[in-house]
>>> print(open('protein.cif').read())   # mmCIF, C-alpha atoms and all ligand atoms
data_my_file
#
loop_
_atom_site.label_atom_id
_atom_site.label_comp_id
_atom_site.auth_asym_id
_atom_site.auth_seq_id
_atom_site.Cartn_x
_atom_site.Cartn_y
_atom_site.Cartn_z
CA MET A 1 -65.08 154.97 128.09
CA SER A 2 -65.83 155.83 124.48
CA SER A 3 -63.90 159.10 124.79
CA ASN A 4 -60.69 157.09 125.24
CA VAL A 5 -61.06 155.38 121.89
CA ILE A 6 -59.22 157.09 119.06
CA ASP A 7 -61.16 157.06 115.81
CA ALA A 8 -59.55 155.86 112.64
CA PRO A 9 -58.23 158.84 110.66
CA ARG A 10 -60.75 160.52 108.35
CA SER A 11 -63.68 158.60 109.84
CA ASN A 12 -65.89 161.70 110.28
CA SER A 13 -67.32 160.46 113.56
CA ALA A 14 -68.66 162.80 116.22
CA GLU A 15 -65.33 162.88 118.10
CA SER A 16 -63.00 163.47 115.19
CA PRO A 17 -62.91 166.80 113.35
CA LYS A 18 -64.84 166.76 110.10
CA TYR A 19 -62.68 165.58 107.19
CA LYS A 20 -63.12 168.11 104.39
CA ARG A 21 -60.58 167.00 101.78
CA SER A 22 -61.63 165.36 98.53
CA LYS A 23 -61.08 161.63 98.21
CA GLY A 24 -57.74 160.32 96.98
CA SER A 25 -57.36 159.38 93.35
CA GLY A 26 -57.14 155.66 94.05
CA SER A 27 -53.80 155.32 92.25
CA SER A 28 -50.86 153.72 94.01
CA PHE A 29 -48.69 156.82 93.68
CA GLU A 30 -48.70 157.49 97.43
CA MET A 31 -47.58 153.93 98.15
CA PHE A 32 -44.62 154.29 95.79
CA ALA A 33 -43.79 157.68 97.30
CA TRP A 34 -43.80 156.08 100.76
CA LEU A 35 -41.53 153.28 99.57
CA PHE A 36 -39.24 155.71 97.75
CA MET A 37 -38.71 157.74 100.96
CA ARG A 38 -37.40 154.61 102.68
CA LEU A 39 -35.24 153.29 99.83
CA SER A 40 -33.74 156.68 98.98
CA GLY A 41 -33.12 157.31 102.69
CA VAL A 42 -30.96 154.20 103.03
CA VAL A 43 -28.90 155.08 99.94
CA LEU A 44 -28.60 158.74 100.99
CA ILE A 45 -26.97 157.79 104.29
CA VAL A 46 -24.05 156.29 102.36
CA LEU A 47 -23.87 159.11 99.80
CA ILE A 48 -24.16 162.03 102.24
CA PHE A 49 -21.98 160.57 104.99
CA GLY A 50 -19.34 159.84 102.35
CA HIS A 51 -19.64 163.39 100.96
CA LEU A 52 -19.28 164.94 104.41
CA PHE A 53 -16.39 162.66 105.35
CA VAL A 54 -14.35 163.43 102.24
CA ASN A 55 -15.11 167.17 102.26
CA LEU A 56 -14.95 167.94 105.99
CA MET A 57 -12.85 165.25 107.69
CA LEU A 58 -10.04 164.31 105.29
CA GLY A 59 -6.98 166.43 104.62
CA ASP A 60 -7.48 170.04 105.64
CA GLY A 61 -11.28 169.70 105.85
CA ILE A 62 -13.34 172.75 104.93
CA HIS A 63 -10.15 174.79 104.49
CA ALA A 64 -9.05 172.67 101.55
CA ILE A 65 -12.17 173.47 99.51
CA ASP A 66 -11.67 175.78 96.56
CA PHE A 67 -12.06 175.61 92.79
CA GLY A 68 -9.11 173.25 92.44
CA PHE A 69 -10.64 170.85 94.99
CA VAL A 70 -13.89 170.59 93.01
CA ALA A 71 -11.96 170.27 89.73
CA GLY A 72 -9.94 167.43 91.22
CA LYS A 73 -13.07 165.56 92.26
CA TRP A 74 -15.09 166.11 89.11
CA SER A 75 -12.28 165.04 86.81
CA ASN A 76 -13.08 161.59 88.19
CA PRO A 77 -16.31 159.98 86.86
CA PHE A 78 -16.69 158.18 90.17
CA TRP A 79 -17.33 161.46 92.04
CA GLN A 80 -19.40 162.84 89.16
CA PHE A 81 -21.85 159.96 89.45
CA TRP A 82 -21.68 160.03 93.25
CA ASP A 83 -22.74 163.68 93.23
CA LEU A 84 -25.32 163.10 90.50
CA ALA A 85 -26.99 160.32 92.50
CA MET A 86 -26.84 162.42 95.66
CA LEU A 87 -28.35 165.42 93.87
CA TRP A 88 -31.28 163.50 92.38
CA LEU A 89 -32.07 161.33 95.37
CA ALA A 90 -31.76 164.12 97.96
CA MET A 91 -33.82 166.53 95.85
CA LEU A 92 -36.59 164.01 95.13
CA HIS A 93 -36.62 162.82 98.75
CA GLY A 94 -36.66 166.37 100.11
CA THR A 95 -39.27 167.56 97.60
CA ASN A 96 -41.56 164.67 98.42
CA GLY A 97 -41.04 165.29 102.15
CA VAL A 98 -41.95 168.98 101.83
CA ARG A 99 -44.94 168.01 99.65
CA THR A 100 -46.22 165.90 102.55
CA ILE A 101 -45.73 168.80 104.95
CA ILE A 102 -47.66 171.16 102.64
CA ASN A 103 -50.47 168.60 102.38
CA ASP A 104 -50.55 168.40 106.17
CA TYR A 105 -50.75 172.09 106.99
CA ALA A 106 -52.31 173.92 104.02
CA GLU A 107 -56.02 173.41 104.57
CA ARG A 108 -57.38 175.26 101.53
CA SER A 109 -57.05 173.62 98.10
CA GLY A 110 -55.91 176.87 96.49
CA THR A 111 -53.12 177.41 99.01
CA ARG A 112 -52.03 173.82 98.66
CA ILE A 113 -51.85 173.93 94.88
CA THR A 114 -49.99 177.25 94.88
CA LEU A 115 -47.39 176.11 97.41
CA LYS A 116 -46.81 172.81 95.63
CA THR A 117 -46.43 174.55 92.28
CA VAL A 118 -43.74 176.80 93.73
CA LEU A 119 -42.05 173.76 95.30
CA PHE A 120 -42.04 171.68 92.11
CA VAL A 121 -40.76 174.54 89.94
CA ALA A 122 -37.95 175.33 92.40
CA SER A 123 -36.96 171.66 92.67
CA ALA A 124 -36.96 171.14 88.90
CA VAL A 125 -34.75 174.22 88.40
CA ILE A 126 -32.25 173.02 91.02
CA ILE A 127 -32.11 169.45 89.68
CA VAL A 128 -31.54 170.63 86.10
CA LEU A 129 -28.98 173.24 87.16
CA GLY A 130 -27.07 170.81 89.38
CA THR A 131 -26.99 168.15 86.66
CA LEU A 132 -25.74 170.60 84.03
CA VAL A 133 -23.05 171.91 86.38
CA ILE A 134 -21.65 168.42 86.98
CA PHE A 135 -21.49 167.51 83.30
CA THR A 136 -20.52 170.79 81.66
CA PHE A 137 -17.83 171.48 84.24
CA ASP A 138 -14.50 172.67 82.80
CA PRO A 139 -11.59 172.20 85.23
CA CYS A 140 -9.26 174.47 83.23
CA PRO A 141 -11.33 177.45 82.02
CA ALA A 142 -9.53 179.71 79.55
CA GLY A 143 -8.27 182.95 81.05
CA ALA A 144 -8.59 181.82 84.66
CA VAL A 145 -5.56 182.19 86.88
CA VAL A 146 -6.35 181.38 90.51
CA ASP A 147 -6.80 178.02 92.24
CA LEU A 148 -6.51 175.89 89.10
CA PRO A 149 -5.81 172.20 89.65
CA SER A 150 -2.19 171.20 89.02
CA PHE A 151 -3.03 169.15 85.90
CA CYS A 152 -4.11 172.23 83.88
CA PRO A 153 -1.65 173.34 81.16
CA VAL A 154 0.33 176.39 82.24
CA PRO A 155 -0.89 179.39 80.18
CA MET B 156 -69.39 170.17 119.92
CA PRO B 157 -66.49 168.22 118.43
CA THR B 158 -63.84 167.55 121.03
CA LYS B 159 -60.21 166.59 120.65
CA PRO B 160 -59.51 162.87 120.78
CA ALA B 161 -58.56 162.04 124.34
CA GLY B 162 -55.81 159.57 123.43
CA THR B 163 -52.36 160.18 124.83
CA LEU B 164 -50.66 157.15 123.31
CA TYR B 165 -48.47 159.35 121.22
CA ARG B 166 -49.06 163.03 121.95
CA GLY B 167 -46.35 164.84 123.89
CA ARG B 168 -44.17 161.76 124.23
CA GLU B 169 -40.98 160.48 122.58
CA GLY B 170 -42.92 159.43 119.49
CA MET B 171 -44.27 162.93 118.88
CA TRP B 172 -41.06 164.82 119.63
CA SER B 173 -38.95 162.58 117.41
CA TRP B 174 -41.48 163.24 114.63
CA VAL B 175 -41.23 167.02 115.21
CA GLY B 176 -37.44 166.75 115.14
CA HIS B 177 -37.47 164.67 111.97
CA ARG B 178 -39.77 167.17 110.24
CA ILE B 179 -37.78 170.26 111.22
CA THR B 180 -34.40 168.74 110.33
CA GLY B 181 -35.83 167.55 106.98
CA VAL B 182 -36.92 171.07 106.02
CA VAL B 183 -33.65 172.62 107.22
CA ILE B 184 -31.58 170.18 105.13
CA PHE B 185 -33.79 170.77 102.09
CA VAL B 186 -33.40 174.56 102.29
CA PHE B 187 -29.63 174.15 102.74
CA LEU B 188 -29.48 171.89 99.68
CA LEU B 189 -31.25 174.45 97.45
CA VAL B 190 -28.65 177.10 98.42
CA HIS B 191 -25.80 174.57 98.27
CA VAL B 192 -26.47 173.64 94.63
CA LEU B 193 -26.68 177.35 93.77
CA ASP B 194 -23.32 178.16 95.38
CA THR B 195 -21.66 175.07 93.86
CA SER B 196 -22.93 176.20 90.43
CA LEU B 197 -20.54 179.17 90.70
CA VAL B 198 -17.79 176.81 89.47
CA ARG B 199 -19.38 177.40 86.05
CA VAL B 200 -19.09 181.17 86.44
CA SER B 201 -15.39 181.41 87.29
CA PRO B 202 -12.85 179.93 89.70
CA GLU B 203 -12.59 183.36 91.36
CA ALA B 204 -16.33 183.57 92.01
CA TYR B 205 -16.48 180.06 93.49
CA THR B 206 -13.44 180.43 95.68
CA ALA B 207 -14.61 183.83 96.96
CA VAL B 208 -18.06 182.56 97.97
CA ILE B 209 -16.75 179.32 99.43
CA GLY B 210 -14.25 181.39 101.43
CA ALA B 211 -17.22 182.70 103.41
CA TYR B 212 -17.80 179.14 104.66
CA LYS B 213 -14.43 179.09 106.38
CA ASN B 214 -14.89 181.59 109.21
CA PRO B 215 -15.68 180.30 112.71
CA ILE B 216 -19.33 181.41 112.67
CA MET B 217 -19.98 179.41 109.51
CA GLY B 218 -17.93 176.58 111.02
CA LEU B 219 -20.47 176.40 113.84
CA GLY B 220 -23.28 176.54 111.28
CA GLU B 221 -21.76 173.57 109.44
CA ALA B 222 -21.57 171.69 112.75
CA ALA B 223 -25.27 172.40 113.37
CA LEU B 224 -26.14 171.24 109.83
CA VAL B 225 -24.23 168.00 110.31
CA ALA B 226 -25.94 167.49 113.69
CA ALA B 227 -29.32 167.87 111.96
CA ILE B 228 -28.39 165.44 109.17
CA VAL B 229 -27.02 162.80 111.52
CA PHE B 230 -30.21 162.94 113.61
CA HIS B 231 -32.46 162.81 110.52
CA ALA B 232 -30.47 159.92 109.06
CA PHE B 233 -30.46 157.72 112.18
CA ASN B 234 -34.05 158.56 113.06
CA GLY B 235 -34.95 157.73 109.44
CA LEU B 236 -33.53 154.26 110.03
CA ARG B 237 -35.67 154.09 113.20
CA ILE B 238 -38.80 154.98 111.18
CA ILE B 239 -37.90 152.23 108.69
CA ALA B 240 -37.47 149.76 111.56
CA ILE B 241 -40.87 150.75 113.01
CA ASP B 242 -42.47 150.18 109.61
CA PHE B 243 -40.82 146.93 108.59
CA TRP B 244 -39.71 145.16 111.78
CA LYS B 245 -42.43 143.25 113.62
CA LYS B 246 -41.36 144.46 117.04
CA GLY B 247 -40.49 147.98 115.82
CA PRO B 248 -43.65 149.75 117.08
CA LYS B 249 -43.30 148.11 120.49
CA TYR B 250 -39.70 149.24 120.89
CA GLN B 251 -40.00 152.63 119.17
CA ARG B 252 -39.04 154.40 122.41
CA GLN B 253 -35.95 152.26 123.01
CA LEU B 254 -35.04 152.74 119.35
CA LEU B 255 -35.11 156.50 119.89
CA TRP B 256 -32.61 156.21 122.74
CA GLY B 257 -30.49 154.14 120.38
CA VAL B 258 -30.72 156.92 117.76
CA LEU B 259 -29.64 159.53 120.30
CA ALA B 260 -26.75 157.36 121.48
CA LEU B 261 -25.53 156.78 117.91
CA TRP B 262 -25.94 160.48 117.25
CA ALA B 263 -23.64 161.32 120.19
CA VAL B 264 -21.11 158.67 119.19
CA THR B 265 -20.97 160.13 115.66
CA MET B 266 -21.01 163.80 116.65
CA ILE B 267 -18.25 163.78 119.28
CA PRO B 268 -15.37 162.72 116.99
CA PHE B 269 -16.84 164.82 114.17
CA LEU B 270 -16.95 167.95 116.32
CA ILE B 271 -13.42 167.45 117.64
CA ARG B 272 -12.03 167.12 114.12
CA HIS B 273 -14.15 169.79 112.43
CA LEU B 274 -13.82 172.45 115.14
CA THR B 275 -10.07 171.86 115.34
CA ILE B 276 -9.82 172.53 111.60
CA VAL B 277 -12.10 175.57 111.78
CA PHE B 278 -10.48 177.24 114.78
CA SER B 279 -6.81 176.34 114.36
CA ASN B 280 -6.77 177.62 110.79
CA PHE B 281 -8.54 180.79 111.82
CA PHE B 282 -6.35 181.71 114.79
CA GLY B 283 -3.12 179.97 113.94
CA GLY B 284 -2.96 180.53 110.19
CA HIS B 285 -1.12 178.03 108.06
C1 LIG C 1 -21.03 171.76 105.30
C2 LIG C 1 -21.10 170.64 104.66
C3 LIG C 1 -20.85 170.51 103.18
C4 LIG C 1 -19.79 170.93 102.45
C5 LIG C 1 -18.54 171.67 102.93
C6 LIG C 1 -20.03 170.56 101.07
C7 LIG C 1 -19.17 170.81 100.01
C8 LIG C 1 -19.42 170.51 98.69
C9 LIG C 1 -18.48 170.68 97.61
C10 LIG C 1 -17.06 171.24 97.75
C11 LIG C 1 -19.08 170.28 96.46
C12 LIG C 1 -18.45 170.25 95.07
C13 LIG C 1 -18.27 168.85 94.51
C14 LIG C 1 -17.78 167.83 95.50
O1 LIG C 1 -16.95 168.15 96.38
O2 LIG C 1 -18.25 166.66 95.42
C15 LIG C 1 -20.42 169.84 96.81
C16 LIG C 1 -21.36 169.38 95.92
C17 LIG C 1 -22.58 168.84 96.28
N1 LIG C 1 -23.06 168.67 97.57
FE1 LIG C 1 -22.14 169.26 99.27
N2 LIG C 1 -21.24 169.92 100.99
C18 LIG C 1 -21.78 169.86 102.25
C19 LIG C 1 -22.97 169.29 102.62
C20 LIG C 1 -23.86 168.69 101.74
C21 LIG C 1 -25.11 168.05 102.14
C22 LIG C 1 -25.62 167.96 103.56
C23 LIG C 1 -25.70 167.59 100.99
C24 LIG C 1 -26.99 166.83 100.80
C25 LIG C 1 -28.11 167.11 101.39
C26 LIG C 1 -24.84 167.95 99.88
C27 LIG C 1 -25.11 167.69 98.56
C28 LIG C 1 -24.31 168.06 97.50
C29 LIG C 1 -24.67 167.87 96.10
C30 LIG C 1 -25.98 167.25 95.58
C31 LIG C 1 -23.59 168.36 95.34
C32 LIG C 1 -23.51 168.42 93.80
C33 LIG C 1 -23.97 169.79 93.38
C34 LIG C 1 -24.16 169.97 91.88
O3 LIG C 1 -24.66 169.06 91.21
O4 LIG C 1 -23.88 171.07 91.37
N3 LIG C 1 -23.73 168.61 100.38
N4 LIG C 1 -20.59 169.98 98.17
C1 LIG C 2 -29.42 160.83 105.29
C2 LIG C 2 -30.30 159.94 104.93
C3 LIG C 2 -31.81 160.14 105.09
C4 LIG C 2 -32.66 159.20 105.61
C5 LIG C 2 -32.31 157.81 106.15
C6 LIG C 2 -33.99 159.78 105.56
C7 LIG C 2 -35.13 159.11 105.93
C8 LIG C 2 -36.39 159.63 105.92
C9 LIG C 2 -37.60 158.91 106.24
C10 LIG C 2 -37.68 157.43 106.58
C11 LIG C 2 -38.63 159.78 106.17
C12 LIG C 2 -40.07 159.49 106.51
C13 LIG C 2 -40.98 159.48 105.34
C14 LIG C 2 -42.40 159.19 105.79
O1 LIG C 2 -42.76 159.52 106.94
O2 LIG C 2 -43.13 158.64 104.97
C15 LIG C 2 -38.09 161.08 105.82
C16 LIG C 2 -38.82 162.25 105.68
C17 LIG C 2 -38.29 163.45 105.23
N1 LIG C 2 -37.00 163.70 104.82
FE1 LIG C 2 -35.46 162.38 104.96
N2 LIG C 2 -33.92 161.05 105.03
C18 LIG C 2 -32.60 161.31 104.72
C19 LIG C 2 -32.13 162.47 104.13
C20 LIG C 2 -32.88 163.59 103.83
C21 LIG C 2 -32.40 164.76 103.12
C22 LIG C 2 -31.00 164.92 102.53
C23 LIG C 2 -33.44 165.66 103.07
C24 LIG C 2 -33.50 167.05 102.43
C25 LIG C 2 -33.04 167.31 101.23
C26 LIG C 2 -34.57 165.06 103.75
C27 LIG C 2 -35.81 165.64 103.92
C28 LIG C 2 -36.92 165.03 104.43
C29 LIG C 2 -38.21 165.66 104.62
C30 LIG C 2 -38.54 167.12 104.32
C31 LIG C 2 -39.07 164.66 105.12
C32 LIG C 2 -40.56 164.84 105.48
C33 LIG C 2 -40.72 164.92 106.98
C34 LIG C 2 -42.16 164.76 107.40
O3 LIG C 2 -43.04 164.40 106.60
O4 LIG C 2 -42.41 165.00 108.60
N3 LIG C 2 -34.20 163.81 104.20
N4 LIG C 2 -36.71 160.97 105.66
#
>>> encode(input="protein.cif", output="structure tokens", more="lines below")
Ligand code: HEM
Ligand code: HEM
Amino acid sequence: MSSNVIDAPRSNSAESPKYKRSKGSGSSFEMFAWLFMRLSGVVLIVLIFGHLFVNLMLGDGIHAIDFGFVAGKWSNPFWQFWDLAMLWLAMLHGTNGVRTIINDYAERSGTRITLKTVLFVASAVIIVLGTLVIFTFDPCPAGAVVDLPSFCPVP
Amino acid sequence: MPTKPAGTLYRGREGMWSWVGHRITGVVIFVFLLVHVLDTSLVRVSPEAYTAVIGAYKNPIMGLGEAALVAAIVFHAFNGLRIIAIDFWKKGPKYQRQLLWGVLALWAVTMIPFLIRHLTIVFSNFFGGH
């Protein structure tokens, strides 16, 4: 009956494929990453469901979205911080999730390091860009004419 | 010769397919989010640029795409809660299969009113105008 017993992962026994990866570093990073996925997930449900409800269900839904709609939301610090939290948590959660997937499928160390470098650079660029956009946003840009929110001074 | 483990506790059953679904939806949402932050950043370019690009999200084809995205998020979110229950609740592993049926039921209960509202907005505005 021994063939029905499933070996512990990475045990290098005759039945399980040889484990070729180097040993972990022994730090507790992976434990915190695991915990972060669960905590951020719970918070993200509230943030993302709220975002989708306000942007797709209320008023005229997707048809109401234009520059003035965004200006209206981001003139309120409440929505600025809502979007900031959603940006950071979703990006860190998603980046860590994709990191796990790369670790699972990329067998060679070189491939793994390359893919993760691309992932981390892309994520960092998006997080910085998204943060700057929220806080440098100008609801009444000079010279603009279309779709301005109603509170902008008439030119 | 090394052989595959013979266990079928997990392979090919609800546990495995929910994991596949969670993985695929996670990647899809992540890719969407990268593009979404880029298109939102057009508000810093000009109101015209933002409104023009966002206008592309309003035709019926994109409306169906948004519905699919929301379907993926709602599954990932509820199944994420199931994963948390399996990890932290004593009886979670035992009831993981029943929990998955719960996830699918909640998913349907959330999606039906969402689809009615969203598709009404998408199609009535497209065919009927304002
Ligand atoms: C089709 C569905 C969606 C629509 C129509 C939509 C629309 C918008 C709009 C109009 C904004 C501008 C600011 C605001 O309204 O708060 C925005 C920003 C944002 N959305 Fe969405 N969204 C959708 C789905 C999502 C999803 C699924 C996520 C998360 C995974 C998300 C994450 C964000 C983030 C992080 C920002 C801030 C971007 C920045 O910092 O520049 N959105 N979205
Ligand atoms: C809506 C609330 C969400 C909840 C409750 C949630 C929950 C979870 C949980 C519990 C995990 C499992 C982590 C593990 O196995 O250690 C996970 C994985 C993952 N999530 Fe989410 N998540 C949410 C939103 C998101 C968003 C917005 C993204 C993309 C930006 C995302 C992308 C991923 C990815 C790529 C994985 C890895 C999948 C895998 O390893 O198979 N999730 N999520």
>>> atom_distance(input="protein.cif", atom1="CA of Phe233 (chain B)", atom2="CA of Lys213 (chain B)")
27.3 Å
>>> atom_distance(input="protein.cif", atom1="CA of Lys23 (chain A)", atom2="CA of Arg108 (chain A)")
14.5 Å
>>> atom_distance(input="protein.cif", atom1="CA of Val43 (chain A)", atom2="CA of Met217 (chain B)")
27.6 Å
>>> residues_near_ligand(input="protein.cif", ligand="ligand LIG 1 (chain C)", cutoff="8 Å", atoms="all atoms listed in the file", output="PyMOL selection string")
(chain A and resi 48+51-52+54-56+62+65-66+69-70+73-74+79-80+82-88+90-91+127+129-134) or (chain B and resi 184-185+187-188+191-193+195-196+212+220-222+224-225+228)
>>> residues_around(input="protein.cif", residues="region 268-279 of chain B", least_positions_apart="2", cutoff="10 Å", atoms="only C-alpha atoms", output="PyMOL selection string")
(chain A and resi 53+56-63) or (chain B and resi 212-219+221-223+225-226+263-266+281-285)
>>> closest_atom_pairs(input="protein.cif", of="chain B", to="ligand LIG 2 (chain C)", cutoff="9 Å", atoms="only C-alpha atoms and all ligand atoms", output="tab-separated table")
residue	atom	partner	partner_atom	distance
B:Trp174	CA	C:LIG2	O4	6.4
B:Val175	CA	C:LIG2	O4	7.0
B:Gly176	CA	C:LIG2	O4	8.4
B:His177	CA	C:LIG2	C33	6.0
B:Arg178	CA	C:LIG2	O4	3.8
B:Ile179	CA	C:LIG2	C33	7.4
B:Thr180	CA	C:LIG2	C27	7.3
B:Gly181	CA	C:LIG2	C27	3.6
B:Val182	CA	C:LIG2	C30	4.6
B:Val183	CA	C:LIG2	C24	7.3
B:Ile184	CA	C:LIG2	C24	4.6
B:Phe185	CA	C:LIG2	C25	3.6
B:Val186	CA	C:LIG2	C25	7.3
B:Phe187	CA	C:LIG2	C25	7.8
B:Leu188	CA	C:LIG2	C25	6.0
B:Leu189	CA	C:LIG2	C25	8.3
B:Ile228	CA	C:LIG2	C1	6.1
B:Val229	CA	C:LIG2	C1	7.0
B:Phe230	CA	C:LIG2	C1	8.6
B:His231	CA	C:LIG2	N2	5.9
B:Ala232	CA	C:LIG2	C1	4.0
B:Phe233	CA	C:LIG2	C5	6.3
B:Asn234	CA	C:LIG2	C5	7.2
B:Gly235	CA	C:LIG2	C7	3.8
B:Leu236	CA	C:LIG2	C5	5.4
B:Arg237	CA	C:LIG2	C10	7.7
B:Ile238	CA	C:LIG2	C10	5.3
B:Ile239	CA	C:LIG2	C10	5.6
>>> closest_residue(input="protein.cif", among="B:Pro248, B:Trp262, B:Val208, B:Gly170", to="chain A", atoms="all atoms listed in the file")
B:Val208
>>> closest_residue(input="protein.cif", among="A:Ala124, A:Asn103, A:Asn96, A:Phe67", to="Trp34 (chain A)", atoms="only C-alpha atoms")
A:Asn96
>>> residues_around(input="protein.cif", residues="Ala33 (chain A)", least_positions_apart="2", cutoff="12 Å", atoms="only C-alpha atoms", output="count of residues only")
20
>>> closest_residue(input="protein.cif", among="B:Trp172, B:Ala227, B:Tyr205, B:Val200", to="chain A", atoms="only C-alpha atoms")
B:Tyr205
>>> closest_residue(input="protein.cif", among="B:Ile267, B:Leu254, B:Asp242, B:Leu259", to="chain A", atoms="all atoms listed in the file")
B:Asp242
>>> axis_aligned_box(input="protein.cif", around="region 170-186 of chain B", padding_each_side="5 Å", output="lines of an AutoDock Vina configuration file")
center_x = -37.9
center_y = 167.0
center_z = 110.9
size_x = 22.7
size_y = 25.1
size_z = 27.5
>>> build_atoms(input="protein.cif", residues="region 100-113 of chain A", atoms="N, CA, C and O atoms", output="JSON list (two decimals), in the coordinates of the input")
[["chain", "number", "residue", "atom", "x", "y", "z"],
["A", 100, "THR", "N", -45.41, 166.46, 101.46],
["A", 100, "THR", "CA", -46.22, 165.90, 102.55],
["A", 100, "THR", "C", -46.55, 166.96, 103.59],
["A", 100, "THR", "O", -47.68, 167.06, 104.07],
["A", 101, "ILE", "N", -45.53, 167.78, 103.91],
["A", 101, "ILE", "CA", -45.73, 168.80, 104.95],
["A", 101, "ILE", "C", -46.76, 169.83, 104.47],
["A", 101, "ILE", "O", -47.63, 170.25, 105.22],
["A", 102, "ILE", "N", -46.66, 170.23, 103.18],
["A", 102, "ILE", "CA", -47.66, 171.16, 102.64],
["A", 102, "ILE", "C", -49.05, 170.53, 102.72],
["A", 102, "ILE", "O", -50.01, 171.16, 103.16],
["A", 103, "ASN", "N", -49.17, 169.28, 102.31],
["A", 103, "ASN", "CA", -50.47, 168.60, 102.38],
["A", 103, "ASN", "C", -51.01, 168.58, 103.80],
["A", 103, "ASN", "O", -52.22, 168.67, 104.01],
["A", 104, "ASP", "N", -50.11, 168.46, 104.78],
["A", 104, "ASP", "CA", -50.55, 168.40, 106.17],
["A", 104, "ASP", "C", -51.10, 169.73, 106.67],
["A", 104, "ASP", "O", -52.08, 169.78, 107.39],
["A", 105, "TYR", "N", -50.42, 170.83, 106.32],
["A", 105, "TYR", "CA", -50.75, 172.09, 106.99],
["A", 105, "TYR", "C", -51.60, 173.03, 106.15],
["A", 105, "TYR", "O", -52.26, 173.90, 106.72],
["A", 106, "ALA", "N", -51.54, 172.97, 104.83],
["A", 106, "ALA", "CA", -52.31, 173.92, 104.02],
["A", 106, "ALA", "C", -53.72, 173.36, 103.84],
["A", 106, "ALA", "O", -53.93, 172.42, 103.08],
["A", 107, "GLU", "N", -54.66, 173.95, 104.55],
["A", 107, "GLU", "CA", -56.02, 173.41, 104.57],
["A", 107, "GLU", "C", -56.78, 173.68, 103.27],
["A", 107, "GLU", "O", -57.52, 172.84, 102.79],
["A", 108, "ARG", "N", -56.59, 174.89, 102.71],
["A", 108, "ARG", "CA", -57.38, 175.26, 101.53],
["A", 108, "ARG", "C", -56.73, 174.69, 100.27],
["A", 108, "ARG", "O", -55.51, 174.74, 100.10],
["A", 109, "SER", "N", -57.58, 174.19, 99.35],
["A", 109, "SER", "CA", -57.05, 173.62, 98.10],
["A", 109, "SER", "C", -56.19, 174.61, 97.34],
["A", 109, "SER", "O", -55.13, 174.26, 96.82],
["A", 110, "GLY", "N", -56.64, 175.87, 97.27],
["A", 110, "GLY", "CA", -55.91, 176.87, 96.49],
["A", 110, "GLY", "C", -54.52, 177.08, 97.06],
["A", 110, "GLY", "O", -53.53, 177.13, 96.31],
["A", 111, "THR", "N", -54.43, 177.21, 98.37],
["A", 111, "THR", "CA", -53.12, 177.41, 99.01],
["A", 111, "THR", "C", -52.22, 176.22, 98.72],
["A", 111, "THR", "O", -51.04, 176.36, 98.41],
["A", 112, "ARG", "N", -52.81, 175.04, 98.84],
["A", 112, "ARG", "CA", -52.03, 173.82, 98.66],
["A", 112, "ARG", "C", -51.46, 173.75, 97.24],
["A", 112, "ARG", "O", -50.28, 173.48, 97.04],
["A", 113, "ILE", "N", -52.31, 174.03, 96.27],
["A", 113, "ILE", "CA", -51.85, 173.93, 94.88],
["A", 113, "ILE", "C", -50.78, 174.98, 94.60],
["A", 113, "ILE", "O", -49.76, 174.70, 93.96]]
